[in-house]
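Read the structure below first, then the notes.
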Amino acid sequence: MKINVTINGQAHEADVEPRLLLVHLIRDVVGLTGTHVGCETSICGACTVHLNGRAVKSCTVLAVQANGAEVTTIEGLANNGQLHAVQEGFWECHGLQCGYCTPGMIMASCALLKDNPNPSEGEIRHGLEGNLCRCTGYQNIVESVKYAANKLQGA
Amino acid sequence: MQKFEYANATTIQQAVALLGNTWGEAEVLAGGTDLLALMKDYVVAPKRLVNIKDIKELKGITMTANGLRLGSLVTFEEVLDNAAIKRSYPAIWQAVAGVTSPQIRNMGTVGGDLCQRPRCWYYRAGYGILAKDENGKALVPDGDNRYHAILGNEGEAKYVNPSSLAPALISLMAKIKVAGPKGSREIAADQFFVTPKSDNEREYALAPNEIVTDILIPSASGVKTATYEVRQREVLDWPLATASVALKLDGKTVKSAKIALGHVAPVPVDSDAAAKALVGKAVTEDTAEAAGAAAVANARALSRNAYKIQLAKVAVKRAILQAAG
Amino acid sequence: MSTNQTQIVGQSIQRKEGRDKVTGAMRYVDDLLFPEMWFGATVRSPIARGRIRSIEFTGNLPWHEFTIVTAKDISGQNCTALILDDQPCLADKFVNHAEEPVVLLAHPDKYLLEEARRAVKIDIEPLPALFTMDDALNQTEIIWGDDNVFKTFLVEKGNVDDVWASADFIVEGEYETGAQEQLYIEPNGMIAMANADDGVTVWGSLQCPYYVHKALLKLFGLPPDKVRVIQAATGGGFGGKEEYPSMIAGHAALLAWKAGKPVKLIYDRAEDMAATTKRHPSRTRHRTAVNKDGKLLAMDIEFVIDGGAYATLSSVVLSRGTIHAAGPYACDNVRVRSKAVATNHPPHGAFRGFGAPQSIFALERHLNKVAATVGLRPEELRRRNFLHEGQTTATGQVIREKLDLDGLLTRALELSDYHAKKERFAEHNATNATQKKGIGFATFLHGAGFTGSGERFLESVVGIEATATGNVCILVASTEIGQGTNTILSQIAAEALRLDYEMIELAQPDTANVPNSGPTVASRTCMIVGKLVESAALGLKQTLVQSGLLTDDYSLDEWRQACAIYIAEHGALKSFSKYEAPPNIFWNDETYQGDAYGAYAWAVYVAEVTVNLVTYETRVDDFVALQEVGKVINPVLAAGQIEGGVAQAIGYALYENVVWDNGTMRNNQMTNYIMPTSEDLPPIRVFFEENPYTYGPSGAKGIGELPMDGPAPAILNAIESAIGVRVNCIPLLPETLMKVMNA
């Protein structure tokens, strides 16, 4: 099937099998490997991207379902090498260790801050319920999101 | 994932025409959050996938004095964002809030919630909805059945219905509107779920070429409603037991009650016994507890799920107390 | 940062590879592509034990297009070499656990490959299988060796049998722990290129490049220079990528060799959870003699772990569990008898803590029972028995460092407001029938580095190389798996050479390029490898000083200039450092007596819980983790290690249940294996005490595994204080608690 998907602002036309998952379109066809596959069952959230501005788990979305849509991945966040505030927060506050959940965690955090620019600790924890991290115990992830919230509000 | 043909329907009639007369030939794709996981594991392997996401008639939330209409493609997130639903239909709103993770709530639809398949790990491992091995031996009774049914488990089906919305819809006496080649019909929510007798049947009262189009909920004006879920972990997994209640009060006395339980039986359980235990009484800790006890009076534990009886009881009690405020 | 006087060790410097990780630029194994690459898949045994009758390739599939590998295709020894080499790389004739690999397939089309994997039917005649430690011990079947026992240890200090008669109290107890999945978020995976001319090269998600190297040498019967192992960025390990990657590397390489193509073999989550290793389940029995003053007179401990179907690392897991079984207490008479037994579960393996969480869980639960029996508060009983400088552990190791467990306990109880809360909770519980609050703690130790003579045998080597610009590259096989290897080793080298942190980089772990600095396990990377980095760095400087190019006091510019001149004259500037055991370290492998570890980290953890007596759920409301770790190299990073470990251990205690069904893991998906999310965890409050260790870099000891040991007993002690009921098994699920309370 022919589909048109805009990924990180760039239009992509691809002829894909219907069974191709969005995450595989992003990774294998377009070659953006920052979006990771962790569980394949829409639990872990490592594959989180934004589909028309909304966070989704791209391991349970077909590429054909994204036909005509705008997709943002982790590679689309930084602006000319300038890290997004959430990326900066995760690096600065050690909100990551192995880094595998990080792109999904950052995409989920961006979506969270869009809906709620000044979340409490509890709201951050609840807002990231769809993303698993096995390394950090989430403590520094919460700090990272707070850092980003402050930075975005100050800006 | 097995190869399939992808068909995009833009009208209801197109969609039903693309569906076959036999289960398994074609599947309906809405959010896809459950279906795609099943297809990856070859548990479901349709020849055709019918995408209904572009059918405009299936979208939208309408609230009037007569009630609430949810198009089957309404996402959980849309329900959560709707302040009027939160105010007037707390049982619905709370049920949706229990659907975990923003990502799933952004993709998942209310119609998909009703038609999702059971979480039973034998089913998901390829042993069929009735969980039998290649020799026809039932796996659940002697296997690991900690999450299986405590009610309605006398027959072969031992899984539990996974729908988050179903108990709330039953307690509110909602109707599920479905469309097929011969037009539409309405099914009472408590009649929508059925217990299949073979692997070739489904857990809901749709024909293979019918789709859910609308959920119609009568006005809940003057009705106090709530949904309460008990789960092992705050988020992510499915609840162990859910209860939804709708109460009409006369002063402090319960005039009528509708109480439904989820995740405890192959179909959501409309508990008359719990309702009867409550009617004519004021809502107190004790009467709520008694209603909970009545709801599980006929429960029958399998070898490893006795704890669920307690949890179901708790869910009913807390839902009643929450509804009564 | 242009001054070279800044202290770098002790600062929360940003993670070395952090930028790549937040931008998605990091390349994990599944992100790597090679021209003409094929994909691999593994066909596994559907049952736990049996004789393979036949293998059928069914269905209407173009089988001729596939590369198919079975045990017959192995040119070297059919084993996944580790300690005993008893585990086949591919099952031949017999299978000994469910999910044991039997057939390998490769094909360029991933979809077709998956259909083919499902179409291979392995017909197996079932044989009776063992699934419990008791069945293994009772030898209801013999499934391994002569007696189903992989390894036995006996640690003896004094003579416990002389004491029983004179004890005021004898306290007995039995404690059980379950299996636990490591659940790194990146599943296992390998890519291999292999042929007769070039030998075997693999890229993968792994902790220990030289373990994989050793296994491939045996599997292919190749000389060492014909096997090359390269670590790709690795998305978490926790021990789960210590030994099992050797198996996957072998599989990928066998397929690549036969296919003549690069082969990528990536596990999906269900396969990873069902087939790869988990933490060893355990059972510990304690019999303790104590006098009325609470002095421990004798500790008799029986410790059994379920090793699964093959020996793998069970003997060393057992060893660490055995040595930690008597904890940080001074007792004149100790006997620990331990066994690792065989069952037909998939082999259990390395997982953070490595046997210690199991035996420490038992001890720290048991001591609360001892305290209650004697009539002392739990903290008072421990204070009366803590190890002090000059006293000996169960293996007779004399504590030579300054050690103040009393002070550590006092501080932890203060930080957690233990005493005041205890009183408040008693009042609360008296008036609240359904919500019971409790607080409990555990006191423990964790030995850093390999056990006993292990480090001596490893003979780890570290290299460090300067470039003409004065930048420095660290050459180690120690891998970054999230724990911060790159960052702390850079900090240590920068500190030793008084250079900027940005001037240090780490070479990619590649057996063709880095020396064997040992495996990335056992909390040894900072303390052992870090010390070697420090001395190699000083060696580098020494070379320049001895060449007259540098004085002891130098600026960055002088350093750069010296490097440039030296390299222009000599071609390269490198320094290597090899492990030497600290003096006065003695260990006897025969008697299991002596200095089990060069150093221990010491800790007191306090957990606060609410138990709901209606739903039987337990929630951890607050957690204080206080530890003495020598010297903290990077405070935020170190705290992150503790927080992550505590989170895993809360999962171990309350959520994570491996459901076995005839030897098959029934809940092998993240949808039903429940690990804690951000919402389930309390704030984890981490505190450090520093007491520099002479033989660690800047005084640092190991910390990676420590946080896995204490939370489970602290939480169950808190639950006991909340509800007054003793539960001695984990994971403690609500349904278990309900059963216990209604019994």
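The way I read the labels, and the way they are meant: chains A, B, ... in the order of the structure tokens, residue 1 as the first residue of every chain, and ligand 1 as the first ligand shown, with later ones counted on from there.
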
Exercise. Extract the full set of strand (DSSP E) residues from range 110-258 of chain B according to DSSP on the backbone, and format it as a ChimeraX atom specification.
Key: /B:175-180,183-188,211-218,223-230,241-250,253-258

Could you write those residues out with N, CA and C atoms, as a compact mmCIF listing (two decimals), in the first residue's frame?
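Saved to out-v6.txt:
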# COMPACT_ATOMS: atom_id res chain seq x y z
N LYS B 175 -27.55 0.94 25.92
CA LYS B 175 -27.78 0.07 24.77
C LYS B 175 -26.59 0.18 23.84
N ILE B 176 -26.26 -0.93 23.22
CA ILE B 176 -25.18 -0.95 22.24
C ILE B 176 -25.84 -1.03 20.87
N LYS B 177 -25.57 -0.02 20.05
CA LYS B 177 -26.16 -0.02 18.72
C LYS B 177 -25.16 -0.63 17.76
N VAL B 178 -25.62 -1.61 16.99
CA VAL B 178 -24.73 -2.27 16.05
C VAL B 178 -25.34 -2.21 14.66
N ALA B 179 -24.45 -2.30 13.67
CA ALA B 179 -24.93 -2.26 12.29
C ALA B 179 -24.42 -3.46 11.53
N GLY B 180 -25.29 -3.99 10.66
CA GLY B 180 -24.92 -5.10 9.80
C GLY B 180 -25.46 -4.85 8.41
N GLY B 183 -28.99 -3.47 8.22
CA GLY B 183 -29.32 -2.28 9.01
C GLY B 183 -28.85 -2.40 10.44
N SER B 184 -29.41 -1.53 11.28
CA SER B 184 -28.92 -1.53 12.66
C SER B 184 -29.92 -2.13 13.62
N ARG B 185 -29.39 -2.48 14.78
CA ARG B 185 -30.23 -2.94 15.89
C ARG B 185 -29.58 -2.51 17.19
N GLU B 186 -30.36 -2.51 18.23
CA GLU B 186 -29.85 -2.13 19.53
C GLU B 186 -29.87 -3.32 20.46
N ILE B 187 -28.81 -3.47 21.19
CA ILE B 187 -28.71 -4.59 22.13
C ILE B 187 -28.52 -4.00 23.52
N ALA B 188 -29.30 -4.47 24.46
CA ALA B 188 -29.11 -4.00 25.84
C ALA B 188 -27.72 -4.41 26.29
N ILE B 211 -20.81 -4.43 13.15
CA ILE B 211 -19.89 -3.63 13.95
C ILE B 211 -20.67 -2.79 14.96
N VAL B 212 -20.00 -2.45 16.03
CA VAL B 212 -20.60 -1.56 17.02
C VAL B 212 -20.53 -0.15 16.45
N THR B 213 -21.64 0.56 16.48
CA THR B 213 -21.63 1.93 15.95
C THR B 213 -21.78 2.98 17.05
N ASP B 214 -22.61 2.70 18.03
CA ASP B 214 -22.89 3.71 19.06
C ASP B 214 -23.09 3.04 20.41
N ILE B 215 -22.81 3.81 21.42
CA ILE B 215 -23.19 3.40 22.76
C ILE B 215 -24.17 4.45 23.24
N LEU B 216 -25.36 3.99 23.62
CA LEU B 216 -26.44 4.91 24.00
C LEU B 216 -26.75 4.73 25.47
N ILE B 217 -26.53 5.80 26.21
CA ILE B 217 -26.70 5.71 27.66
C ILE B 217 -27.84 6.64 28.06
N PRO B 218 -28.88 6.08 28.70
CA PRO B 218 -30.00 6.93 29.10
C PRO B 218 -29.54 7.97 30.12
N VAL B 223 -29.48 10.02 39.22
CA VAL B 223 -28.90 8.71 39.54
C VAL B 223 -27.47 8.93 40.02
N LYS B 224 -27.13 8.27 41.10
CA LYS B 224 -25.76 8.37 41.60
C LYS B 224 -24.96 7.16 41.13
N THR B 225 -23.87 7.44 40.44
CA THR B 225 -23.13 6.32 39.86
C THR B 225 -21.66 6.37 40.22
N ALA B 226 -21.05 5.21 40.17
CA ALA B 226 -19.60 5.14 40.41
C ALA B 226 -19.06 3.81 39.89
N THR B 227 -17.76 3.84 39.57
CA THR B 227 -17.05 2.61 39.22
C THR B 227 -15.85 2.49 40.12
N TYR B 228 -15.61 1.31 40.62
CA TYR B 228 -14.42 1.10 41.46
C TYR B 228 -13.68 -0.15 40.99
N GLU B 229 -12.39 0.02 40.83
CA GLU B 229 -11.55 -1.09 40.36
C GLU B 229 -10.56 -1.50 41.44
N VAL B 230 -10.31 -2.78 41.54
CA VAL B 230 -9.24 -3.26 42.41
C VAL B 230 -8.20 -3.91 41.52
N ALA B 241 -10.79 -6.97 39.77
CA ALA B 241 -12.25 -6.94 39.91
C ALA B 241 -12.70 -5.49 39.79
N THR B 242 -13.86 -5.32 39.16
CA THR B 242 -14.43 -3.98 39.01
C THR B 242 -15.91 -4.05 39.38
N ALA B 243 -16.40 -2.96 39.94
CA ALA B 243 -17.85 -2.88 40.14
C ALA B 243 -18.33 -1.49 39.74
N SER B 244 -19.48 -1.45 39.11
CA SER B 244 -20.14 -0.18 38.81
C SER B 244 -21.53 -0.22 39.43
N VAL B 245 -21.91 0.91 39.97
CA VAL B 245 -23.25 0.95 40.56
C VAL B 245 -23.98 2.21 40.10
N ALA B 246 -25.31 2.08 40.01
CA ALA B 246 -26.18 3.23 39.73
C ALA B 246 -27.29 3.17 40.76
N LEU B 247 -27.39 4.22 41.55
CA LEU B 247 -28.36 4.21 42.65
C LEU B 247 -29.35 5.35 42.49
N LYS B 248 -30.64 5.03 42.76
CA LYS B 248 -31.61 6.10 42.91
C LYS B 248 -31.99 6.15 44.38
N LEU B 249 -31.86 7.33 44.93
CA LEU B 249 -32.10 7.45 46.36
C LEU B 249 -33.39 8.23 46.61
N ASP B 250 -34.04 7.84 47.69
CA ASP B 250 -35.20 8.60 48.16
C ASP B 250 -34.79 9.08 49.55
N THR B 253 -32.66 6.63 51.56
CA THR B 253 -32.98 5.24 51.26
C THR B 253 -32.77 4.94 49.77
N VAL B 254 -32.24 3.80 49.53
CA VAL B 254 -32.03 3.39 48.15
C VAL B 254 -33.37 2.93 47.57
N LYS B 255 -33.79 3.63 46.52
CA LYS B 255 -35.07 3.30 45.90
C LYS B 255 -34.88 2.17 44.88
N SER B 256 -33.82 2.35 44.08
CA SER B 256 -33.49 1.26 43.15
C SER B 256 -31.99 1.25 42.96
N ALA B 257 -31.48 0.09 42.56
CA ALA B 257 -30.03 -0.04 42.38
C ALA B 257 -29.74 -0.99 41.23
N LYS B 258 -28.69 -0.66 40.52
CA LYS B 258 -28.22 -1.57 39.47
C LYS B 258 -26.71 -1.72 39.73

Quiz prompt | Residues within 12 Å of Arg119 in chain B, only C-alpha atoms, excluding chain neighbours under 3 positions, as number ranges by chain | solution = B: 34-35, 37-38, 43, 116, 122-126, 128-129, 131, 145, 147-149, 158-163, 237-240, 263, 266; C: 667, 669, 671-672

Once you count only C-alpha atoms, what closest atom pair and distance in Å to one decimal does each residue of range 14-112 of chain A within 9 Å of range 132-148 of chain A have, with rows by chain and rising residue number, as a tab-separated table?
residue	atom	partner	partner_atom	distance
A:Ile43	CA	A:Leu132	CA	7.8
A:Cys44	CA	A:Leu132	CA	4.9
A:Gly45	CA	A:Leu132	CA	6.5
A:Ala46	CA	A:Leu132	CA	7.7
A:His84	CA	A:Ala148	CA	8.6
A:Ala85	CA	A:Ala148	CA	5.0
A:Val86	CA	A:Ala148	CA	4.9
A:Gln87	CA	A:Ala148	CA	8.1
A:Glu88	CA	A:Ala148	CA	7.4
A:Gly89	CA	A:Ser144	CA	4.4
A:Phe90	CA	A:Ser144	CA	4.9
A:Trp91	CA	A:Ser144	CA	7.9
A:Glu92	CA	A:Ser144	CA	7.4
A:Cys93	CA	A:Ser144	CA	5.3
A:His94	CA	A:Asn140	CA	5.9
A:Gly95	CA	A:Ile141	CA	4.2
A:Leu96	CA	A:Thr136	CA	6.6
A:Gln97	CA	A:Cys135	CA	6.1
A:Cys98	CA	A:Cys135	CA	6.9
A:Gly99	CA	A:Cys135	CA	9.0
A:Tyr100	CA	A:Cys133	CA	8.5
A:Cys101	CA	A:Cys133	CA	6.0
A:Thr102	CA	A:Cys133	CA	8.3
A:Met105	CA	A:Leu132	CA	8.1
A:Ile106	CA	A:Val145	CA	8.7
A:Ser109	CA	A:Val145	CA	6.7
A:Cys110	CA	A:Val145	CA	8.7

Residue hits in chain C, query chain A, radius 6 Å, only C-alpha atoms, as a CSV table (one decimal) with C-alpha atoms, in the first residue's frame:
chain,number,residue,atom,x,y,z
C,18,GLY,CA,24.0,11.1,27.9
C,21,LYS,CA,20.8,8.7,24.8
C,22,VAL,CA,18.5,11.7,24.9
C,23,THR,CA,18.6,12.4,21.2
C,24,GLY,CA,18.1,8.8,20.0
C,31,ASP,CA,19.8,-0.5,15.3
C,185,ILE,CA,14.0,-2.9,28.7
C,186,GLU,CA,16.1,-3.8,25.7
C,235,GLY,CA,19.9,-1.4,27.3
C,236,GLY,CA,20.2,-2.8,30.8
C,269,ARG,CA,10.0,-9.9,24.8
C,481,ILE,CA,25.0,-1.0,30.7
C,482,GLY,CA,23.4,2.0,32.2
C,640,GLY,CA,20.6,6.5,40.8
C,643,GLU,CA,17.2,4.0,43.6
C,644,GLY,CA,17.1,1.6,40.7
C,647,ALA,CA,12.9,-0.2,42.9
C,678,SER,CA,6.4,5.3,38.6
C,679,GLU,CA,3.1,5.3,40.4

Exercise. Could you give me, as a PyMOL selection string, the residues within 9 Å of Asn209 in chain B, counting only C-alpha atoms and dropping anything in the same chain fewer than 3 positions from it?
Key: chain B and resi 15-23+26+179-181+206

Using C-alpha atoms, can you write the selected residues to a file as a PDB file, in the first residue's frame?
ATOM      1  CA  ALA B  15     -17.370  -1.736   6.477  1.00  0.00           C
ATOM      2  CA  VAL B  16     -19.990  -4.414   6.988  1.00  0.00           C
ATOM      3  CA  ALA B  17     -19.784  -5.419   3.348  1.00  0.00           C
ATOM      4  CA  LEU B  18     -16.072  -6.018   3.789  1.00  0.00           C
ATOM      5  CA  LEU B  19     -16.615  -8.288   6.773  1.00  0.00           C
ATOM      6  CA  GLY B  20     -17.272 -11.955   6.168  1.00  0.00           C
ATOM      7  CA  ASN B  21     -19.920 -14.355   7.395  1.00  0.00           C
ATOM      8  CA  THR B  22     -17.504 -16.388   9.431  1.00  0.00           C
ATOM      9  CA  TRP B  23     -15.529 -15.338  12.464  1.00  0.00           C
ATOM     10  CA  ALA B  26     -11.888 -10.538   8.739  1.00  0.00           C
ATOM     11  CA  ALA B 179     -24.932  -2.256  12.292  1.00  0.00           C
ATOM     12  CA  GLY B 180     -24.922  -5.102   9.796  1.00  0.00           C
ATOM     13  CA  PRO B 181     -25.816  -5.647   6.176  1.00  0.00           C
ATOM     14  CA  LEU B 206     -22.366  -9.521  17.185  1.00  0.00           C
TER      15      LEU B 206
END

Self-check item: Exercise: range 652-659 of chain C partners within 7 Å, only C-alpha atoms, chain neighbours under 3 positions left out, as a ChimeraX atom specification
Solution: /C:179-180,648-649,665-667,673-675,712,730-733

Export, as a PDB file, in the first residue's frame, the selected residues with C-alpha atoms.
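Writing done, so here's selection-v2.pdb:
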ATOM      1  CA  ALA C 179      12.386 -16.355  40.766  1.00  0.00           C
ATOM      2  CA  GLN C 180      12.682 -12.854  39.363  1.00  0.00           C
ATOM      3  CA  GLN C 648      13.835  -3.675  41.583  1.00  0.00           C
ATOM      4  CA  ALA C 649      13.900  -5.015  45.103  1.00  0.00           C
ATOM      5  CA  MET C 665       6.738 -19.457  32.370  1.00  0.00           C
ATOM      6  CA  ARG C 666       3.050 -18.677  32.004  1.00  0.00           C
ATOM      7  CA  ASN C 667       3.279 -14.896  32.390  1.00  0.00           C
ATOM      8  CA  TYR C 673       4.645 -10.000  34.788  1.00  0.00           C
ATOM      9  CA  ILE C 674       4.193  -7.012  37.017  1.00  0.00           C
ATOM     10  CA  MET C 675       7.153  -4.706  37.576  1.00  0.00           C
ATOM     11  CA  ALA C 712      12.743  -7.152  50.686  1.00  0.00           C
ATOM     12  CA  ILE C 730       8.448 -13.390  48.634  1.00  0.00           C
ATOM     13  CA  PRO C 731       7.007 -12.166  46.415  1.00  0.00           C
ATOM     14  CA  LEU C 732       4.328 -11.375  48.943  1.00  0.00           C
ATOM     15  CA  LEU C 733       1.294 -10.946  46.724  1.00  0.00           C
TER      16      LEU C 733
END

Quiz item: Using only C-alpha atoms, which chain C residues lie at most 6 Å away from chain B, written as a ChimeraX atom specification?
Solution: /C:615,680,735

Exercise. Please identify every residue of chain B that has at least one atom no more than 6 Å from any atom of chain A, counting only C-alpha atoms, and report them as a VMD selection string.
Key: chain B and resid 6 33 36 to 37 101 103

Expected file contents, prior selection, N, CA and C atoms, as a PDB file, in the first residue's frame:
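Output below, filename part_0.pdb:
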ATOM      1  N   TYR B   6      -5.575  -5.146   3.651  1.00  0.00           N
ATOM      2  CA  TYR B   6      -6.015  -4.003   4.435  1.00  0.00           C
ATOM      3  C   TYR B   6      -7.096  -3.269   3.655  1.00  0.00           C
ATOM      4  N   THR B  33      -5.060  -1.477  19.589  1.00  0.00           N
ATOM      5  CA  THR B  33      -4.114  -1.728  20.679  1.00  0.00           C
ATOM      6  C   THR B  33      -4.146  -3.180  21.153  1.00  0.00           C
ATOM      7  N   LEU B  36      -3.732  -5.844  17.379  1.00  0.00           N
ATOM      8  CA  LEU B  36      -2.418  -6.020  16.762  1.00  0.00           C
ATOM      9  C   LEU B  36      -1.517  -6.916  17.617  1.00  0.00           C
ATOM     10  N   ALA B  37      -1.664  -6.802  18.942  1.00  0.00           N
ATOM     11  CA  ALA B  37      -0.876  -7.680  19.809  1.00  0.00           C
ATOM     12  C   ALA B  37      -1.275  -9.133  19.574  1.00  0.00           C
ATOM     13  N   SER B 101      -2.529   4.294  30.912  1.00  0.00           N
ATOM     14  CA  SER B 101      -1.532   4.978  30.098  1.00  0.00           C
ATOM     15  C   SER B 101      -2.145   5.907  29.057  1.00  0.00           C
ATOM     16  N   GLN B 103      -0.982   6.820  26.328  1.00  0.00           N
ATOM     17  CA  GLN B 103      -0.794   6.336  24.959  1.00  0.00           C
ATOM     18  C   GLN B 103      -1.944   5.423  24.537  1.00  0.00           C
TER      19      GLN B 103
END

Practice problem: Find the spatial neighbours of range 4-16 of chain A, counting only C-alpha atoms, within a cut-off of 6 Å - ignore same-chain residues fewer than 6 positions away - and output them as JSON, numbers by chain. | Solution: {"A": [67, 68, 69, 70, 71, 72, 76]}

Quiz prompt | Contact residues around Gly112 in chain B with only C-alpha atoms at 8 Å, ignoring same-chain residues under 5 positions, as a VMD selection string | solution = chain B and resid 30 to 32 72 to 73

Quiz prompt | From C:Ala496, C:Val632, C:Ala442, C:Ala298, residue lying nearest Ala718 in chain C [only C-alpha atoms] | solution =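 When distances to Ala718 in chain C are compared using only C-alpha atoms, the smallest one comes from C:Ala442.
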
Quiz item: If we count only C-alpha atoms, what is near Ala71 in chain C at a cut-off of 9 Å, once residues fewer than 5 positions away on the same chain are taken out, given as a list in words?
Solution: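 That gives Asn78, Pro88, Cys89, Leu90, Ala91, Asp92, Val102 and Val103 of chain C.
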
For C-alpha atoms, I'd like the residues from the last selection saved as a PDB file, in the first residue's frame.
ATOM      1  CA  ASN C  78      28.369 -28.369  21.589  1.00  0.00           C
ATOM      2  CA  PRO C  88      24.511 -27.544  25.080  1.00  0.00           C
ATOM      3  CA  CYS C  89      24.394 -24.701  22.612  1.00  0.00           C
ATOM      4  CA  LEU C  90      21.653 -26.655  20.831  1.00  0.00           C
ATOM      5  CA  ALA C  91      19.854 -29.594  22.399  1.00  0.00           C
ATOM      6  CA  ASP C  92      20.829 -32.887  20.846  1.00  0.00           C
ATOM      7  CA  VAL C 102      16.852 -27.108  19.382  1.00  0.00           C
ATOM      8  CA  VAL C 103      16.799 -25.708  15.847  1.00  0.00           C
TER       9      VAL C 103
END

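The spacing separating CA of Phe351 in chain C from CA of Thr284 in chain C amounts to 18.4 Å.
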